[in-house]
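Pasting structure-v4.cif here (mmCIF, C-alpha atoms):
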```
data_work
loop_
_atom_site.group_PDB
_atom_site.id
_atom_site.type_symbol
_atom_site.label_atom_id
_atom_site.label_comp_id
_atom_site.auth_asym_id
_atom_site.auth_seq_id
_atom_site.Cartn_x
_atom_site.Cartn_y
_atom_site.Cartn_z
ATOM 1 C CA ARG M 14 -12.944 -15.427 -10.317
ATOM 2 C CA LYS M 15 -10.277 -13.317 -8.728
ATOM 3 C CA GLU M 16 -8.988 -14.614 -5.436
ATOM 4 C CA VAL M 17 -5.937 -14.586 -3.258
ATOM 5 C CA GLU M 18 -6.056 -16.865 -0.238
ATOM 6 C CA GLN M 19 -3.703 -16.849 2.712
ATOM 7 C CA ASP M 20 -3.100 -18.931 5.820
ATOM 8 C CA PRO M 21 -5.630 -17.771 8.378
ATOM 9 C CA GLY M 22 -3.259 -17.090 11.318
ATOM 10 C CA PRO M 23 -2.482 -15.703 13.776
ATOM 11 C CA PHE M 24 0.882 -17.423 13.961
ATOM 12 C CA ASN M 25 2.379 -17.274 17.440
ATOM 13 C CA VAL M 26 6.091 -17.960 17.095
ATOM 14 C CA PRO M 27 8.996 -17.765 19.566
ATOM 15 C CA GLU M 28 11.772 -15.331 18.793
ATOM 16 C CA GLY M 29 14.515 -16.934 16.726
ATOM 17 C CA ALA M 30 12.251 -19.501 15.107
ATOM 18 C CA THR M 31 11.621 -19.945 11.404
ATOM 19 C CA VAL M 32 8.116 -19.322 10.115
ATOM 20 C CA ALA M 33 6.575 -19.840 6.679
ATOM 21 C CA PHE M 34 3.441 -18.433 5.101
ATOM 22 C CA ASN M 35 1.699 -19.700 2.011
ATOM 23 C CA CYS M 36 -0.617 -17.911 -0.382
ATOM 24 C CA THR M 37 -2.611 -19.359 -3.280
ATOM 25 C CA TYR M 38 -4.015 -17.452 -6.225
ATOM 26 C CA SER M 39 -6.689 -18.349 -8.728
ATOM 27 C CA ASN M 40 -5.576 -16.614 -11.931
ATOM 28 C CA SER M 41 -2.986 -18.675 -13.802
ATOM 29 C CA ALA M 42 -2.149 -15.694 -16.053
ATOM 30 C CA SER M 43 -0.913 -13.594 -13.124
ATOM 31 C CA GLN M 44 2.469 -12.080 -13.781
ATOM 32 C CA SER M 45 3.554 -10.220 -10.670
ATOM 33 C CA PHE M 46 3.582 -11.239 -7.045
ATOM 34 C CA PHE M 47 4.448 -9.358 -3.900
ATOM 35 C CA TRP M 48 4.645 -9.643 -0.151
ATOM 36 C CA TYR M 49 3.747 -6.565 1.880
ATOM 37 C CA ARG M 50 3.810 -6.158 5.626
ATOM 38 C CA GLN M 51 1.319 -4.056 7.506
ATOM 39 C CA ASP M 52 1.662 -2.943 11.091
ATOM 40 C CA CYS M 53 -1.491 -2.233 13.064
ATOM 41 C CA ARG M 54 -3.278 0.854 11.703
ATOM 42 C CA LYS M 55 -0.385 1.655 9.367
ATOM 43 C CA GLU M 56 0.043 1.533 5.619
ATOM 44 C CA PRO M 57 1.181 -1.596 3.780
ATOM 45 C CA LYS M 58 4.896 -1.563 3.075
ATOM 46 C CA LEU M 59 6.475 -3.503 0.246
ATOM 47 C CA LEU M 60 8.569 -6.308 1.672
ATOM 48 C CA MET M 61 9.529 -8.247 -1.428
ATOM 49 C CA SER M 62 8.650 -8.728 -5.039
ATOM 50 C CA VAL M 63 8.522 -12.429 -5.878
ATOM 51 C CA TYR M 64 10.438 -13.546 -8.932
ATOM 52 C CA SER M 65 9.914 -16.787 -10.789
ATOM 53 C CA SER M 66 13.240 -18.190 -9.639
ATOM 54 C CA GLY M 67 12.609 -17.287 -6.022
ATOM 55 C CA ASN M 68 14.491 -14.577 -4.211
ATOM 56 C CA GLU M 69 16.118 -13.903 -0.898
ATOM 57 C CA ASP M 70 16.628 -10.715 1.067
ATOM 58 C CA GLY M 71 18.475 -11.274 4.314
ATOM 59 C CA ARG M 72 16.289 -13.391 6.579
ATOM 60 C CA PHE M 73 13.411 -13.395 4.105
ATOM 61 C CA THR M 74 12.964 -15.844 1.241
ATOM 62 C CA ALA M 75 10.107 -15.752 -1.244
ATOM 63 C CA GLN M 76 9.257 -18.550 -3.656
ATOM 64 C CA LEU M 77 6.801 -18.889 -6.487
ATOM 65 C CA ASN M 78 5.283 -22.125 -7.753
ATOM 66 C CA ARG M 79 3.381 -21.334 -10.950
ATOM 67 C CA ALA M 80 2.252 -24.907 -11.545
ATOM 68 C CA SER M 81 0.508 -25.065 -8.174
ATOM 69 C CA GLN M 82 -0.299 -21.328 -8.137
ATOM 70 C CA TYR M 83 1.137 -20.516 -4.773
ATOM 71 C CA ILE M 84 3.671 -18.145 -3.273
ATOM 72 C CA SER M 85 5.506 -18.650 -0.026
ATOM 73 C CA LEU M 86 7.379 -16.409 2.380
ATOM 74 C CA LEU M 87 9.946 -17.805 4.792
ATOM 75 C CA ILE M 88 11.293 -15.772 7.692
ATOM 76 C CA ARG M 89 14.378 -17.139 9.417
ATOM 77 C CA ASP M 90 15.666 -16.165 12.862
ATOM 78 C CA SER M 91 12.488 -14.202 13.576
ATOM 79 C CA LYS M 92 12.727 -10.960 15.548
ATOM 80 C CA LEU M 93 10.182 -9.271 17.775
ATOM 81 C CA SER M 94 9.996 -6.509 15.151
ATOM 82 C CA ASP M 95 8.751 -9.030 12.576
ATOM 83 C CA SER M 96 5.373 -9.018 14.351
ATOM 84 C CA ALA M 97 2.940 -7.662 11.756
ATOM 85 C CA THR M 98 0.351 -8.774 9.241
ATOM 86 C CA TYR M 99 1.841 -10.158 6.029
ATOM 87 C CA LEU M 100 -0.150 -9.499 2.882
ATOM 88 C CA CYS M 101 0.120 -11.532 -0.296
ATOM 89 C CA VAL M 102 -0.592 -9.467 -3.407
ATOM 90 C CA VAL M 103 -1.070 -10.765 -6.945
ATOM 91 C CA ASN M 104 -1.406 -8.916 -10.219
ATOM 92 C CA PHE M 105 -4.583 -10.187 -11.932
ATOM 93 C CA ALA M 106 -5.584 -9.609 -15.527
ATOM 94 C CA ILE M 107 -9.157 -8.312 -15.551
ATOM 95 C CA ASP M 108 -10.720 -7.404 -18.910
ATOM 96 C CA GLY M 109 -7.318 -6.802 -20.451
ATOM 97 C CA ASN M 110 -6.052 -4.649 -17.601
ATOM 98 C CA TYR M 111 -3.996 -5.625 -14.598
ATOM 99 C CA GLN M 112 -5.133 -4.992 -11.069
ATOM 100 C CA LEU M 113 -3.494 -5.862 -7.777
ATOM 101 C CA ILE M 114 -5.624 -8.207 -5.709
ATOM 102 C CA TRP M 115 -4.818 -8.415 -2.021
ATOM 103 C CA GLY M 116 -5.064 -11.341 0.332
ATOM 104 C CA ALA M 117 -6.647 -10.832 3.729
ATOM 105 C CA GLY M 118 -3.256 -11.173 5.395
ATOM 106 C CA THR M 119 -1.693 -13.455 7.977
ATOM 107 C CA LYS M 120 -1.000 -12.052 11.394
ATOM 108 C CA LEU M 121 2.374 -12.972 12.869
ATOM 109 C CA ILE M 122 3.129 -12.544 16.553
ATOM 110 C CA ILE M 123 6.715 -13.106 17.660
ATOM 111 C CA LYS M 124 7.011 -13.868 21.356
ATOM 112 C CA PRO M 125 10.155 -13.301 23.438
ATOM 113 C CA GLU Y 22 14.083 8.459 0.852
ATOM 114 C CA PRO Y 23 11.144 9.789 -1.182
ATOM 115 C CA GLU Y 24 7.726 8.915 0.176
ATOM 116 C CA VAL Y 25 4.048 9.314 -0.537
ATOM 117 C CA THR Y 26 2.321 11.803 1.751
ATOM 118 C CA GLN Y 27 -1.362 12.137 2.533
ATOM 119 C CA THR Y 28 -3.492 14.775 4.226
ATOM 120 C CA PRO Y 29 -5.345 14.928 6.473
ATOM 121 C CA SER Y 30 -4.363 12.015 8.669
ATOM 122 C CA HIS Y 31 -7.885 11.880 10.096
ATOM 123 C CA GLN Y 32 -11.085 13.349 8.701
ATOM 124 C CA VAL Y 33 -14.408 13.300 10.507
ATOM 125 C CA THR Y 34 -17.459 14.243 8.477
ATOM 126 C CA GLN Y 35 -21.214 13.990 8.657
ATOM 127 C CA MET Y 36 -23.166 11.677 6.408
ATOM 128 C CA GLY Y 37 -24.053 13.369 3.137
ATOM 129 C CA GLN Y 38 -21.103 15.751 3.179
ATOM 130 C CA GLU Y 39 -18.418 15.888 0.521
ATOM 131 C CA VAL Y 40 -14.826 15.086 1.411
ATOM 132 C CA ILE Y 41 -11.587 15.485 -0.493
ATOM 133 C CA LEU Y 42 -8.617 13.357 0.449
ATOM 134 C CA ARG Y 43 -5.242 14.556 -0.734
ATOM 135 C CA CYS Y 44 -2.086 12.754 -1.732
ATOM 136 C CA VAL Y 45 1.332 13.770 -2.990
ATOM 137 C CA PRO Y 46 2.831 10.785 -4.833
ATOM 138 C CA ILE Y 47 6.558 10.176 -5.185
ATOM 139 C CA SER Y 48 7.783 12.785 -7.649
ATOM 140 C CA ASN Y 49 9.066 10.602 -10.506
ATOM 141 C CA HIS Y 50 6.173 8.113 -10.318
ATOM 142 C CA LEU Y 51 3.595 8.159 -13.085
ATOM 143 C CA TYR Y 52 0.932 5.725 -11.832
ATOM 144 C CA PHE Y 53 -1.294 6.647 -8.917
ATOM 145 C CA TYR Y 54 -3.777 4.590 -6.955
ATOM 146 C CA TRP Y 55 -6.384 4.822 -4.258
ATOM 147 C CA TYR Y 56 -7.222 1.933 -1.951
ATOM 148 C CA ARG Y 57 -9.438 1.642 1.051
ATOM 149 C CA GLN Y 58 -9.310 -0.641 4.069
ATOM 150 C CA ILE Y 59 -12.285 -0.967 6.360
ATOM 151 C CA LEU Y 60 -11.141 -1.679 9.913
ATOM 152 C CA GLY Y 61 -10.223 -5.348 10.286
ATOM 153 C CA GLN Y 62 -10.753 -6.130 6.610
ATOM 154 C CA LYS Y 63 -8.565 -6.526 3.562
ATOM 155 C CA VAL Y 64 -7.115 -3.793 1.394
ATOM 156 C CA GLU Y 65 -9.474 -3.030 -1.518
ATOM 157 C CA PHE Y 66 -8.499 -1.443 -4.811
ATOM 158 C CA LEU Y 67 -10.521 1.613 -5.805
ATOM 159 C CA VAL Y 68 -8.904 3.226 -8.825
ATOM 160 C CA SER Y 69 -5.704 3.694 -10.781
ATOM 161 C CA PHE Y 70 -4.719 6.816 -12.676
ATOM 162 C CA TYR Y 71 -2.205 7.385 -15.435
ATOM 163 C CA ASN Y 72 -1.608 10.146 -17.925
ATOM 164 C CA ASN Y 73 -4.368 12.296 -16.439
ATOM 165 C CA GLU Y 74 -7.085 9.724 -16.732
ATOM 166 C CA ILE Y 75 -8.497 6.722 -14.909
ATOM 167 C CA SER Y 76 -6.920 3.525 -16.204
ATOM 168 C CA GLU Y 77 -8.848 1.051 -14.053
ATOM 169 C CA LYS Y 78 -11.509 1.169 -11.385
ATOM 170 C CA SER Y 79 -13.260 -1.367 -9.182
ATOM 171 C CA GLU Y 80 -16.953 -1.907 -8.533
ATOM 172 C CA ILE Y 81 -16.565 0.090 -5.326
ATOM 173 C CA PHE Y 82 -15.582 3.206 -7.300
ATOM 174 C CA ASP Y 83 -19.099 4.329 -8.249
ATOM 175 C CA ASP Y 84 -20.431 7.742 -9.254
ATOM 176 C CA GLN Y 85 -19.943 9.023 -5.719
ATOM 177 C CA PHE Y 86 -16.182 8.878 -6.199
ATOM 178 C CA SER Y 87 -13.926 10.933 -8.425
ATOM 179 C CA VAL Y 88 -10.196 11.500 -8.730
ATOM 180 C CA GLU Y 89 -8.225 14.421 -9.992
ATOM 181 C CA ARG Y 90 -4.669 15.557 -10.468
ATOM 182 C CA PRO Y 91 -5.223 19.297 -10.155
ATOM 183 C CA ASP Y 92 -1.556 20.214 -10.496
ATOM 184 C CA GLY Y 93 1.831 18.593 -10.984
ATOM 185 C CA SER Y 94 2.073 17.174 -7.490
ATOM 186 C CA ASN Y 95 -1.329 16.513 -5.889
ATOM 187 C CA PHE Y 96 -3.660 13.591 -6.493
ATOM 188 C CA THR Y 97 -7.091 13.797 -4.871
ATOM 189 C CA LEU Y 98 -9.982 11.484 -4.118
ATOM 190 C CA LYS Y 99 -13.396 13.105 -3.730
ATOM 191 C CA ILE Y 100 -16.404 11.415 -2.192
ATOM 192 C CA ARG Y 101 -19.439 13.443 -3.116
ATOM 193 C CA SER Y 102 -22.005 12.429 -0.507
ATOM 194 C CA THR Y 103 -20.478 10.303 2.207
ATOM 195 C CA LYS Y 104 -22.246 7.314 3.699
ATOM 196 C CA LEU Y 105 -21.616 5.617 7.013
ATOM 197 C CA GLU Y 106 -20.082 2.661 5.168
ATOM 198 C CA ASP Y 107 -17.443 4.933 3.621
ATOM 199 C CA SER Y 108 -15.712 4.990 7.010
ATOM 200 C CA ALA Y 109 -12.319 3.403 6.402
ATOM 201 C CA MET Y 110 -8.614 4.063 5.949
ATOM 202 C CA TYR Y 111 -7.923 5.444 2.495
ATOM 203 C CA PHE Y 112 -4.459 4.798 1.135
ATOM 204 C CA CYS Y 113 -2.843 6.490 -1.808
ATOM 205 C CA ALA Y 114 -0.044 4.701 -3.635
ATOM 206 C CA SER Y 115 2.214 5.381 -6.577
ATOM 207 C CA SER Y 116 4.522 3.431 -8.846
ATOM 208 C CA GLU Y 117 7.054 4.026 -11.556
ATOM 209 C CA LEU Y 118 6.311 3.521 -15.221
ATOM 210 C CA GLY Y 119 6.701 -0.165 -16.045
ATOM 211 C CA SER Y 120 6.679 -1.350 -12.433
ATOM 212 C CA SER Y 121 3.953 -3.014 -10.389
ATOM 213 C CA GLU Y 122 5.734 -2.162 -7.126
ATOM 214 C CA GLN Y 123 3.489 0.302 -5.374
ATOM 215 C CA TYR Y 124 4.497 2.537 -2.499
ATOM 216 C CA PHE Y 125 1.874 3.612 -0.045
ATOM 217 C CA GLY Y 126 1.193 6.781 1.871
ATOM 218 C CA PRO Y 127 0.352 6.682 5.589
ATOM 219 C CA GLY Y 128 -3.372 6.844 4.877
ATOM 220 C CA THR Y 129 -6.289 9.065 5.830
ATOM 221 C CA ARG Y 130 -8.716 7.706 8.385
ATOM 222 C CA LEU Y 131 -12.196 8.784 7.307
ATOM 223 C CA THR Y 132 -14.924 8.640 9.916
ATOM 224 C CA VAL Y 133 -18.477 9.310 8.730
ATOM 225 C CA THR Y 134 -20.947 10.027 11.514
#
```
Just dump the structure as structure tokens.
Amino acid sequence: RKEVEQDPGPFNVPEGATVAFNCTYSNSASQSFFWYRQDCRKEPKLLMSVYSSGNEDGRFTAQLNRASQYISLLIRDSKLSDSATYLCVVNFAIDGNYQLIWGAGTKLIIKP
Amino acid sequence: EPEVTQTPSHQVTQMGQEVILRCVPISNHLYFYWYRQILGQKVEFLVSFYNNEISEKSEIFDDQFSVERPDGSNFTLKIRSTKLEDSAMYFCASSELGSSEQYFGPGTRLTVT
């Protein structure tokens, strides 16, 4: 079974607040994990790759918990421009090959 | 900054017609992908392409679909006989050798009437 599950959303958050998204995946052999953001009717854009030790890029922090098979994304000091859909993406091994499986996304709305 | 480009941005076609969607991947990337996204739904993998052949494909990528790299820069997706349910955004992506980080083009909106 190949599955990536995300918080349903939408998250309505005031500007300046901290918001966190979680994503769970079903394949324990998965090796690579990513967060993408997608604006309405636009292409997904790579936000962060998620490393096993966790990683930070400015206001964004990604963490991986292999034992519980989940990935998280934390956004601090949220800006209006952070409003988008955040997509969790996991590399699944299928019949010896790897394929990116996409979550349905969590919509984030930052309010002034 | 190098980017993936796609043409056309919007294609309208009648059911049963053939369409070719075009992509120019980032020049030093060696892996190429096609995805589709039906309006309001999740991104779905169609096919990946490496070294002039398909490396993986999903159940969606049936005999109606084909991909080609006709020259050193273009990567195309052909749908032989379009159906209404083929209406979607089609995204091309590319990645470097040894990397799973994929970079997406702006997409082609396909409308089948």
Checklist entry - atom CA of Ser96 of chain M to atom CA of Thr132 of chain Y: how many Å, to one decimal? => result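 Atom CA of Ser96 of chain M sits 27.3 Å away from atom CA of Thr132 of chain Y.
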Checklist entry - What does the PyMOL selection byres ((chain Y) within 7 of (chain M)) select in this file, as number ranges by chain? => result Y: 62-64, 124-128
Could you tell me, as a compact mmCIF listing (two decimals) with C-alpha atoms, keeping the file's coordinate frame, exactly which residues end up selected when the PyMOL selection byres ((chain Y and resi 29) around 10) is applied to this structure?
```txt
# COMPACT_ATOMS: atom_id res chain seq x y z
CA THR Y 26 2.32 11.80 1.75
CA GLN Y 27 -1.36 12.14 2.53
CA THR Y 28 -3.49 14.78 4.23
CA SER Y 30 -4.36 12.02 8.67
CA HIS Y 31 -7.88 11.88 10.10
CA GLN Y 32 -11.08 13.35 8.70
CA ILE Y 41 -11.59 15.48 -0.49
CA LEU Y 42 -8.62 13.36 0.45
CA ARG Y 43 -5.24 14.56 -0.73
CA CYS Y 44 -2.09 12.75 -1.73
CA GLY Y 128 -3.37 6.84 4.88
CA THR Y 129 -6.29 9.06 5.83
CA ARG Y 130 -8.72 7.71 8.38
CA LEU Y 131 -12.20 8.78 7.31
```
Checklist entry - Quick one: distance from atom CA of Ala33 of chain M to atom CA of Ala80 of chain M in Å, one decimal? => result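 Computing it gives 19.4 Å between the two atoms.
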Checklist entry - Which residues, written as a ChimeraX atom specification, have at least one atom at most 9 Å from Ile123 of chain M, with all atoms listed in the file counted and residues fewer than 4 positions away on the same chain left out? => result /M:24-30,91-97
Checklist entry - Using only C-alpha atoms, which of Y:Val40, Y:Val133, Y:Val88, Y:Ile81 sits nearest Ala109 of chain Y? => result Y:Val133
Next on the checklist: I'd like the residues picked by the PyMOL selection byres ((chain Y and resi 35) around 7) written out as a list of chain:residue names, using the chain letters and numbers from the file.
Outcome noted: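 Matching residues under the PyMOL selection byres ((chain Y and resi 35) around 7) are Y:Thr34, Y:Met36, Y:Gly37, Y:Gln38, Y:Val133, Y:Thr134.
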Checklist entry - Which one of Y:Ser69, Y:Gln85, Y:Ser116, Y:Ser76 sits closest to Val25 of chain Y if you count only C-alpha atoms? => result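 Of Y:Ser69, Y:Gln85, Y:Ser116, Y:Ser76, the one nearest Val25 of chain Y, counting only C-alpha atoms, is Y:Ser116.
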Next on the checklist: Please report the interatomic distance between atom CA of Leu118 of chain Y and atom CA of His50 of chain Y in Å with one decimal.
Outcome noted: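 The value is 6.7 Å.
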Checklist entry - Which of these residues is nearest to Asn49 of chain Y, using only C-alpha atoms: Y:Gly61, Y:Ile75, Y:Phe70, Y:Pro23? => result Y:Pro23
Checklist entry - Which residue gives the smallest distance to Leu87 of chain M among M:Ser43, M:Thr31, M:Thr37, M:Asn68, with all atoms listed in the file counted? => result M:Thr31
Item to check | Within 7 Å of Asn35 of chain M using all atoms listed in the file, minus same-chain residues under 4 positions, as an MDAnalysis selection string | outcome: chainID M and resid 19:20 83:86
